[in-house]
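Trainee: My structure is stored as coords_19.txt, with compact mmCIF, C-alpha atoms and all ligand atoms.
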# COMPACT_ATOMS: atom_id res chain seq x y z
CA MET A 1189 -58.06 -27.83 26.29
CA ARG A 1190 -58.86 -29.72 23.11
CA GLN A 1191 -59.03 -33.41 23.74
CA GLN A 1192 -60.94 -36.41 22.54
CA ILE A 1193 -63.93 -37.14 24.76
CA VAL A 1194 -66.51 -39.92 24.65
CA ALA A 1195 -69.71 -39.26 26.60
CA GLY A 1196 -72.57 -41.73 27.01
CA ASN A 1197 -76.06 -40.24 27.35
CA TRP A 1198 -78.28 -42.85 28.98
CA LYS A 1199 -81.37 -40.64 28.62
CA MET A 1200 -84.32 -42.12 30.58
CA ASN A 1201 -83.05 -45.70 30.58
CA LYS A 1202 -81.81 -48.27 33.10
CA SER A 1203 -82.53 -48.94 36.76
CA LEU A 1204 -79.86 -48.01 39.30
CA GLU A 1205 -78.72 -51.62 39.45
CA GLU A 1206 -78.49 -51.91 35.67
CA GLY A 1207 -76.69 -48.59 35.44
CA LEU A 1208 -74.05 -49.56 37.99
CA GLU A 1209 -73.60 -52.88 36.22
CA LEU A 1210 -73.05 -51.02 32.95
CA VAL A 1211 -70.44 -48.73 34.50
CA LYS A 1212 -68.70 -51.71 36.07
CA GLY A 1213 -68.78 -53.51 32.73
CA VAL A 1214 -67.09 -50.56 31.04
CA LEU A 1215 -64.47 -50.16 33.77
CA ASP A 1216 -63.67 -53.88 33.77
CA ARG A 1217 -63.13 -53.89 30.03
CA LEU A 1218 -60.90 -50.80 30.04
CA GLU A 1219 -57.89 -51.72 32.11
CA GLN A 1220 -55.72 -48.95 30.74
CA ARG A 1221 -56.57 -45.31 31.16
CA PRO A 1222 -58.58 -44.20 28.09
CA ARG A 1223 -57.01 -41.73 25.65
CA GLY A 1224 -59.45 -38.98 26.63
CA PRO A 1225 -62.10 -38.41 29.29
CA VAL A 1226 -64.98 -40.90 29.36
CA VAL A 1227 -68.22 -39.40 30.67
CA PHE A 1228 -71.40 -41.11 31.84
CA ALA A 1229 -74.47 -38.84 31.63
CA THR A 1230 -76.82 -40.71 33.95
CA PRO A 1231 -80.32 -39.98 35.24
CA TYR A 1232 -80.30 -37.66 38.28
CA PRO A 1233 -80.99 -40.32 40.95
CA TYR A 1234 -77.86 -42.29 40.00
CA LEU A 1235 -75.33 -39.46 39.89
CA GLN A 1236 -74.03 -39.88 43.39
CA SER A 1237 -73.62 -43.66 43.17
CA VAL A 1238 -71.90 -43.45 39.80
CA ALA A 1239 -69.67 -40.61 41.01
CA LYS A 1240 -68.59 -42.75 43.97
CA MET A 1241 -67.87 -45.70 41.70
CA LEU A 1242 -65.72 -43.58 39.38
CA LYS A 1243 -63.77 -41.82 42.10
CA VAL A 1244 -61.12 -44.50 42.20
CA ARG A 1245 -60.53 -44.56 38.43
CA LYS A 1246 -58.74 -41.77 36.59
CA GLY A 1247 -60.22 -40.56 33.31
CA PHE A 1248 -63.88 -41.36 34.06
CA HIS A 1249 -66.46 -38.73 34.92
CA VAL A 1250 -70.12 -38.35 35.71
CA ALA A 1251 -72.51 -35.90 34.02
CA ALA A 1252 -76.07 -34.77 34.51
CA GLN A 1253 -78.32 -34.66 31.45
CA ASN A 1254 -79.80 -31.29 32.35
CA CYS A 1255 -80.02 -28.64 35.07
CA HIS A 1256 -82.40 -25.82 35.87
CA HIS A 1257 -81.68 -22.29 34.72
CA GLU A 1258 -82.48 -20.70 38.08
CA GLU A 1259 -80.13 -20.97 41.02
CA LYS A 1260 -82.75 -22.09 43.56
CA GLY A 1261 -86.29 -21.53 44.73
CA ALA A 1262 -89.87 -22.61 44.17
CA PHE A 1263 -89.44 -24.84 41.12
CA THR A 1264 -91.06 -28.09 42.19
CA GLY A 1265 -89.42 -31.12 40.68
CA GLU A 1266 -86.40 -29.31 39.29
CA VAL A 1267 -82.71 -29.83 40.03
CA SER A 1268 -80.22 -27.00 40.46
CA VAL A 1269 -76.58 -26.83 39.47
CA ASP A 1270 -75.60 -26.54 43.16
CA MET A 1271 -77.44 -29.79 43.89
CA LEU A 1272 -75.62 -31.50 41.04
CA ALA A 1273 -72.25 -30.25 42.24
CA SER A 1274 -73.02 -31.36 45.81
CA VAL A 1275 -73.36 -35.01 44.74
CA GLY A 1276 -70.12 -35.07 42.77
CA THR A 1277 -71.35 -34.24 39.25
CA GLU A 1278 -68.57 -32.92 37.02
CA TYR A 1279 -70.16 -32.29 33.61
CA VAL A 1280 -73.66 -31.31 32.54
CA LEU A 1281 -75.36 -31.68 29.14
CA ILE A 1282 -77.01 -28.42 28.17
CA GLY A 1283 -79.34 -27.93 25.23
CA HIS A 1284 -79.87 -31.52 24.12
CA SER A 1285 -82.33 -31.47 21.23
CA GLU A 1286 -84.82 -33.55 23.22
CA ARG A 1287 -84.84 -30.83 25.90
CA ARG A 1288 -85.28 -28.16 23.24
CA GLN A 1289 -88.03 -30.09 21.44
CA TYR A 1290 -90.11 -31.68 24.22
CA PHE A 1291 -89.48 -29.18 27.02
CA LYS A 1292 -89.35 -26.07 24.85
CA GLU A 1293 -86.00 -24.92 26.19
CA THR A 1294 -84.95 -21.72 24.47
CA ASN A 1295 -81.50 -20.49 23.49
CA GLU A 1296 -81.83 -17.80 26.18
CA GLN A 1297 -82.63 -20.31 28.93
CA LEU A 1298 -79.68 -22.40 27.78
CA ALA A 1299 -77.40 -19.37 28.08
CA ARG A 1300 -78.50 -19.02 31.70
CA LYS A 1301 -77.84 -22.71 32.36
CA ILE A 1302 -74.38 -22.32 30.85
CA ASN A 1303 -73.65 -19.32 33.10
CA LEU A 1304 -74.80 -21.12 36.23
CA ALA A 1305 -72.91 -24.32 35.43
CA LEU A 1306 -69.69 -22.39 34.87
CA ALA A 1307 -70.19 -20.30 38.00
CA LYS A 1308 -70.55 -23.47 40.07
CA GLY A 1309 -67.60 -25.27 38.51
CA LEU A 1310 -69.46 -27.77 36.30
CA LEU A 1311 -68.22 -28.35 32.76
CA PRO A 1312 -70.99 -27.85 30.17
CA ILE A 1313 -71.34 -30.10 27.15
CA PHE A 1314 -73.37 -27.79 24.93
CA CYS A 1315 -75.50 -29.58 22.33
CA CYS A 1316 -76.43 -27.99 19.02
CA GLY A 1317 -77.74 -29.29 15.73
CA GLU A 1318 -80.35 -28.79 13.05
CA PRO A 1319 -83.65 -30.53 12.20
CA LEU A 1320 -84.06 -32.38 8.92
CA ALA A 1321 -85.99 -29.59 7.15
CA ILE A 1322 -83.13 -27.16 7.78
CA ARG A 1323 -80.56 -29.66 6.53
CA GLU A 1324 -82.61 -30.22 3.38
CA ARG A 1325 -82.83 -26.48 2.81
CA GLY A 1326 -79.06 -26.26 3.12
CA THR A 1327 -79.13 -23.64 5.90
CA HIS A 1328 -77.71 -25.90 8.63
CA VAL A 1329 -74.54 -23.91 9.27
CA GLY A 1330 -76.48 -20.69 9.80
CA TYR A 1331 -78.93 -22.50 12.08
CA VAL A 1332 -76.17 -23.87 14.32
CA ALA A 1333 -74.35 -20.51 14.24
CA LYS A 1334 -77.48 -18.94 15.74
CA GLN A 1335 -77.57 -21.53 18.53
CA LEU A 1336 -73.93 -20.90 19.39
CA LYS A 1337 -74.28 -17.11 19.27
CA ALA A 1338 -77.40 -17.07 21.44
CA SER A 1339 -76.22 -19.45 24.16
CA LEU A 1340 -72.40 -19.32 24.21
CA PHE A 1341 -70.90 -16.30 22.51
CA HIS A 1342 -71.65 -13.92 25.38
CA LEU A 1343 -68.98 -15.73 27.42
CA HIS A 1344 -65.55 -14.32 28.13
CA GLU A 1345 -62.73 -16.29 26.59
CA ALA A 1346 -61.64 -17.91 29.87
CA ASP A 1347 -65.15 -19.29 30.40
CA PHE A 1348 -65.65 -20.28 26.78
CA ARG A 1349 -62.51 -22.40 27.01
CA LYS A 1350 -64.31 -24.67 29.52
CA ILE A 1351 -67.11 -25.49 27.07
CA VAL A 1352 -67.33 -28.77 25.16
CA ILE A 1353 -69.52 -28.54 22.06
CA ALA A 1354 -71.52 -31.53 20.81
CA TYR A 1355 -72.88 -31.28 17.28
CA GLU A 1356 -75.91 -33.53 16.99
CA PRO A 1357 -78.00 -33.29 13.82
CA ILE A 1358 -81.53 -34.02 15.04
CA TRP A 1359 -82.30 -36.22 12.04
CA ALA A 1360 -79.47 -38.53 13.08
CA ILE A 1361 -80.45 -38.96 16.75
CA GLY A 1362 -81.83 -42.39 17.52
CA THR A 1363 -82.68 -42.95 13.86
CA GLY A 1364 -79.81 -45.16 12.78
CA ARG A 1365 -79.14 -42.54 10.10
CA THR A 1366 -75.70 -41.19 10.97
CA ALA A 1367 -74.33 -38.08 9.33
CA SER A 1368 -71.75 -39.12 6.75
CA THR A 1369 -68.17 -38.48 7.75
CA GLU A 1370 -68.13 -35.64 5.18
CA GLN A 1371 -71.28 -34.05 6.65
CA ALA A 1372 -69.88 -34.32 10.19
CA GLN A 1373 -66.47 -32.96 9.23
CA GLU A 1374 -68.01 -30.10 7.24
CA MET A 1375 -70.14 -28.95 10.17
CA HIS A 1376 -67.39 -29.42 12.76
CA ALA A 1377 -65.01 -27.37 10.63
CA ALA A 1378 -67.71 -24.70 10.22
CA ILE A 1379 -68.26 -24.59 14.00
CA ARG A 1380 -64.52 -24.18 14.51
CA VAL A 1381 -64.50 -21.27 12.04
CA LEU A 1382 -67.38 -19.62 13.96
CA VAL A 1383 -65.48 -20.01 17.23
CA ALA A 1384 -62.32 -18.65 15.58
CA LYS A 1385 -64.20 -15.60 14.32
CA LYS A 1386 -65.48 -14.87 17.81
CA TYR A 1387 -62.54 -15.89 20.03
CA GLY A 1388 -59.57 -16.31 17.68
CA LYS A 1389 -57.91 -19.31 16.11
CA GLY A 1390 -56.06 -20.32 19.27
CA VAL A 1391 -59.31 -20.81 21.19
CA ALA A 1392 -60.96 -22.55 18.22
CA ASP A 1393 -58.06 -24.98 17.94
CA ASP A 1394 -58.40 -25.73 21.66
CA THR A 1395 -62.16 -26.45 21.55
CA SER A 1396 -63.39 -30.04 21.70
CA ILE A 1397 -66.27 -30.64 19.28
CA LEU A 1398 -68.01 -34.00 19.68
CA TYR A 1399 -70.28 -35.67 17.15
CA GLY A 1400 -73.60 -37.23 18.22
CA GLY A 1401 -76.37 -39.01 16.34
CA SER A 1402 -76.43 -42.78 15.75
CA CYS A 1403 -72.72 -43.01 16.47
CA ASN A 1404 -71.87 -46.65 17.16
CA ALA A 1405 -69.03 -49.14 17.47
CA GLN A 1406 -68.88 -49.55 13.67
CA ASN A 1407 -68.87 -45.94 12.52
CA ALA A 1408 -67.02 -44.31 15.46
CA PRO A 1409 -63.47 -45.02 14.19
CA GLU A 1410 -64.06 -43.28 10.86
CA LEU A 1411 -65.96 -40.37 12.41
CA PHE A 1412 -63.30 -39.83 15.07
CA ARG A 1413 -60.57 -39.87 12.40
CA GLN A 1414 -61.95 -36.66 10.89
CA PRO A 1415 -59.66 -33.74 11.72
CA ASP A 1416 -62.36 -31.67 13.44
CA VAL A 1417 -64.24 -34.48 15.20
CA ASP A 1418 -63.00 -34.80 18.79
CA GLY A 1419 -64.98 -37.79 19.99
CA GLY A 1420 -68.69 -38.40 20.46
CA LEU A 1421 -71.86 -38.03 22.48
CA ILE A 1422 -73.42 -41.46 22.36
CA GLY A 1423 -77.04 -42.38 23.11
CA GLY A 1424 -78.25 -45.87 22.24
CA ALA A 1425 -74.80 -47.40 21.85
CA SER A 1426 -73.76 -46.22 25.32
CA LEU A 1427 -76.25 -48.61 26.95
CA LYS A 1428 -74.21 -51.74 26.22
CA ALA A 1429 -70.79 -52.05 27.80
CA GLU A 1430 -69.12 -53.80 24.81
CA ASP A 1431 -70.38 -51.22 22.33
CA PHE A 1432 -69.50 -48.25 24.49
CA VAL A 1433 -66.02 -49.64 25.17
CA ALA A 1434 -65.44 -50.10 21.43
CA ILE A 1435 -66.37 -46.44 20.90
CA VAL A 1436 -64.07 -45.35 23.75
CA ASN A 1437 -61.29 -47.32 22.10
CA ALA A 1438 -61.95 -45.52 18.81
CA MET A 1439 -60.53 -42.29 20.27
CA LYS A 1440 -57.45 -41.44 18.25
P1 LIG A 1501 -78.13 -41.72 19.64
O1 LIG A 1501 -78.34 -40.43 20.57
O2 LIG A 1501 -76.66 -42.08 19.71
O3 LIG A 1501 -79.02 -42.79 20.20
O4 LIG A 1501 -78.51 -41.31 18.25
C1 LIG A 1501 -77.38 -39.44 20.67
C2 LIG A 1501 -77.83 -38.37 21.62
O5 LIG A 1501 -79.03 -38.08 21.66
O6 LIG A 1501 -77.01 -37.79 22.36
In structure tokens, write the structure found in this file.
Mentor:
Amino acid sequence: MRQQIVAGNWKMNKSLEEGLELVKGVLDRLEQRPRGPVVFATPYPYLQSVAKMLKVRKGFHVAAQNCHHEEKGAFTGEVSVDMLASVGTEYVLIGHSERRQYFKETNEQLARKINLALAKGLLPIFCCGEPLAIRERGTHVGYVAKQLKASLFHLHEADFRKIVIAYEPIWAIGTGRTASTEQAQEMHAAIRVLVAKKYGKGVADDTSILYGGSCNAQNAPELFRQPDVDGGLIGGASLKAEDFVAIVNAMK
């Protein structure tokens, strides 16, 4: 179902105590149910505590920032989708550019993560986006199309409908250099066309496509007003309750 979603990606930040304080700060400031789901993508060790805290409030959800692409076994230090589900995790980020870049995750591995997450009832937030060199060459739509085809387009329609897509141009992540509203809208519209070509217009119109990359309290309202931008995946600005709440309130 297409809906506006705001997801905060804490990355490797905050202690448990600071994290719970942040969640409490957001909940306290949002007395009314937000217009769309609000998701906290926390570090693994905090998932269970955050899930417990959110249980009593409708519209708030907890996400993992990653999962392993194998179901179980001898993978020291890794975390499986079953483990995530068993502590109350509802969403999982898959294919964040930092995972692709620093941990060399491939499109094929990401496809396996997507399959496992769906099989175990977790909702994937699939991240895609191009590096600066590709944007400068003007081949960004083709680049993202390849990511979608390799990791998502093997899915049957019923499964694809559970996917949330987050478009995050790598050059905009953590740099303070946001994509312009025109650049974001252009890519989001292009992604919707790609989905329509594969699954039909009905499915494309039902797909939530979030924007990520230096999205903040100031630029969120204009970005979210774009017809094909359905909310955001927020890094730095999700670490302060006031800023994150302002972004949540920017949902149209
Ligand atoms: P940023 O990160 O908002 O700090 O740019 C976004 C992300 O990496 O999801």
Trainee: Taking 6 positions as the minimum chain separation for residues in the same chain, which residues sit within 10 Å of stretch 1291-1297 of chain A when counting all atoms listed in the file? Answer as a ChimeraX atom specification.
Mentor: /A:1256-1258,1282-1285,1303,1334-1340
Trainee: Considering only C-alpha atoms and all ligand atoms, state which residue in the set A:Cys1255, A:Ala1346, A:Leu1421, A:Ala1408 is at the smallest distance from ligand LIG 1501 (chain A).
Mentor: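 For ligand LIG 1501 (chain A), the nearest of the candidates is A:Leu1421.
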Trainee: Find the nearest atom pair between each residue of chain A and ligand LIG 1501 (chain A) for residues within 9 Å, count all atoms listed in the file, give distances in Å to one decimal, sort rows by chain and ascending number, and present the table as a tab-separated table.
Mentor:
residue	atom	partner	partner_atom	distance
A:Ala1195	CA	A:LIG1501	O6	8.6
A:Gly1196	CA	A:LIG1501	O6	7.5
A:Asn1197	CA	A:LIG1501	O6	5.6
A:Trp1198	CA	A:LIG1501	O6	8.4
A:Lys1199	CA	A:LIG1501	O5	7.8
A:His1284	CA	A:LIG1501	O5	7.1
A:Ser1285	CA	A:LIG1501	O5	7.4
A:Glu1286	CA	A:LIG1501	O5	7.5
A:Cys1315	CA	A:LIG1501	O6	8.3
A:Ala1354	CA	A:LIG1501	O6	8.5
A:Glu1356	CA	A:LIG1501	O6	6.9
A:Ile1358	CA	A:LIG1501	O5	8.2
A:Trp1359	CA	A:LIG1501	O4	8.9
A:Ala1360	CA	A:LIG1501	O4	5.9
A:Ile1361	CA	A:LIG1501	O4	3.4
A:Gly1362	CA	A:LIG1501	O4	3.6
A:Thr1363	CA	A:LIG1501	O4	6.3
A:Gly1364	CA	A:LIG1501	O4	6.8
A:Arg1365	CA	A:LIG1501	O4	8.3
A:Thr1366	CA	A:LIG1501	O4	7.8
A:Tyr1399	CA	A:LIG1501	O6	8.8
A:Gly1400	CA	A:LIG1501	C1	5.0
A:Gly1401	CA	A:LIG1501	O4	3.7
A:Ser1402	CA	A:LIG1501	O4	3.6
A:Cys1403	CA	A:LIG1501	O2	5.2
A:Asn1404	CA	A:LIG1501	O2	7.1
A:Gly1420	CA	A:LIG1501	O6	8.6
A:Leu1421	CA	A:LIG1501	O6	5.2
A:Ile1422	CA	A:LIG1501	O2	4.2
A:Gly1423	CA	A:LIG1501	O2	3.4
A:Gly1424	CA	A:LIG1501	O3	3.8
A:Ala1425	CA	A:LIG1501	O2	6.0
A:Ser1426	CA	A:LIG1501	O2	7.6
Trainee: Name the residues in contact with stretch 1271-1276 of chain A at a cut-off of 9 Å, using all atoms listed in the file, excluding same-chain residues fewer than 2 positions from it; report them as a ChimeraX atom specification.
Mentor: /A:1232,1235-1237,1239-1240,1250-1252,1255,1267-1269,1278,1280,1308-1310
Trainee: Next, write the just-selected residues to a file, as a PDB file, in the coordinates of the input, keeping C-alpha atoms as the atom set.
Mentor:
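Output file again16.pdb is given in full below:
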ATOM      1  CA  TYR A1232     -80.300 -37.660  38.280  1.00  0.00           C
ATOM      2  CA  LEU A1235     -75.330 -39.460  39.890  1.00  0.00           C
ATOM      3  CA  GLN A1236     -74.030 -39.880  43.390  1.00  0.00           C
ATOM      4  CA  SER A1237     -73.620 -43.660  43.170  1.00  0.00           C
ATOM      5  CA  ALA A1239     -69.670 -40.610  41.010  1.00  0.00           C
ATOM      6  CA  LYS A1240     -68.590 -42.750  43.970  1.00  0.00           C
ATOM      7  CA  VAL A1250     -70.120 -38.350  35.710  1.00  0.00           C
ATOM      8  CA  ALA A1251     -72.510 -35.900  34.020  1.00  0.00           C
ATOM      9  CA  ALA A1252     -76.070 -34.770  34.510  1.00  0.00           C
ATOM     10  CA  CYS A1255     -80.020 -28.640  35.070  1.00  0.00           C
ATOM     11  CA  VAL A1267     -82.710 -29.830  40.030  1.00  0.00           C
ATOM     12  CA  SER A1268     -80.220 -27.000  40.460  1.00  0.00           C
ATOM     13  CA  VAL A1269     -76.580 -26.830  39.470  1.00  0.00           C
ATOM     14  CA  GLU A1278     -68.570 -32.920  37.020  1.00  0.00           C
ATOM     15  CA  VAL A1280     -73.660 -31.310  32.540  1.00  0.00           C
ATOM     16  CA  LYS A1308     -70.550 -23.470  40.070  1.00  0.00           C
ATOM     17  CA  GLY A1309     -67.600 -25.270  38.510  1.00  0.00           C
ATOM     18  CA  LEU A1310     -69.460 -27.770  36.300  1.00  0.00           C
TER      19      LEU A1310
END
Trainee: Starting from 6 Å padding per side, set up an axis-aligned box that covers all listed atoms of stretch 1269-1280 of chain A and hand over centre and edge lengths in Å, one decimal, as JSON.
Mentor:
{"center_x": -73.0, "center_y": -30.8, "center_z": 39.2, "size_x": 20.9, "size_y": 20.5, "size_z": 25.3}
Trainee: With all atoms listed in the file as the atoms that count, which of A:Ile1193, A:Ala1262, A:Val1433, A:Ile1379 lies nearest to A:Glu1219?
Mentor: A:Val1433
Trainee: When distances are computed from all atoms listed in the file, which of A:Val1238, A:Gly1419, A:Lys1246, A:Thr1327 shows the smallest separation from A:Gln1220?
Mentor: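 For A:Gln1220, the nearest of the given residues is A:Lys1246.
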Trainee: Report, in Å with one decimal, the straight-line distance from atom CA of A:Met1375 to atom CA of A:Ile1397.
Mentor: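 Separating atom CA of A:Met1375 from atom CA of A:Ile1397 is a distance of 10.0 Å.
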Trainee: Of the residues A:Leu1218, A:Ile1313, A:Ile1322, A:Leu1306, which is the one nearest to A:Gln1253, using only C-alpha atoms?
Mentor: A:Ile1313
Trainee: Rounded to one decimal in Å, what is the spacing between atom CA of A:Asp1393 and atom CA of A:Val1417?
Mentor: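 Here the two named atoms are 11.7 Å from each other.
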Trainee: Measure the distance from atom CA of A:Cys1316 to atom CA of A:Val1381 in Å and round it to one decimal.
Mentor: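 Separating atom CA of A:Cys1316 from atom CA of A:Val1381 is a distance of 15.4 Å.
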Trainee: Listing only residues of stretch 1227-1318 of chain A within 9 Å of stretch 1201-1208 of chain A, what is the closest atom pair and its distance in Å (to one decimal) for each, using all atoms listed in the file, sorted by chain and residue number ascending, as a Markdown table?
Mentor:
| residue | atom | partner | partner_atom | distance |
| --- | --- | --- | --- | --- |
| A:Thr1230 | CA | A:Gly1207 | CA | 8.0 |
| A:Pro1231 | CA | A:Asn1201 | CA | 7.9 |
| A:Pro1233 | CA | A:Leu1204 | CA | 7.9 |
| A:Tyr1234 | CA | A:Leu1204 | CA | 6.1 |
| A:Ser1237 | CA | A:Leu1208 | CA | 7.9 |
| A:Val1238 | CA | A:Leu1208 | CA | 6.7 |
| A:Met1241 | CA | A:Leu1208 | CA | 8.2 |
Trainee: Quick one: of A:Ala1434, A:Leu1320, A:Leu1382, A:Leu1427, who's nearest to A:Val1211, counting only C-alpha atoms?
Mentor: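 Nearest candidate to A:Val1211 out of A:Ala1434, A:Leu1320, A:Leu1382, A:Leu1427: A:Leu1427.
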Trainee: Give me the residues within 8 Å of stretch 1438-1440 of chain A as an MDAnalysis selection string, counting all atoms listed in the file and dropping any in the same chain fewer than 5 places off.
Mentor: chainID A and resid 1192:1194 1223:1224 1408:1409 1412:1413 1419
Trainee: Which is closest to A:Asp1418 among A:Asp1394, A:Asp1431, A:Glu1345, A:Glu1318, if we use all atoms listed in the file?
Mentor: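 Nearest to A:Asp1418: A:Asp1394.
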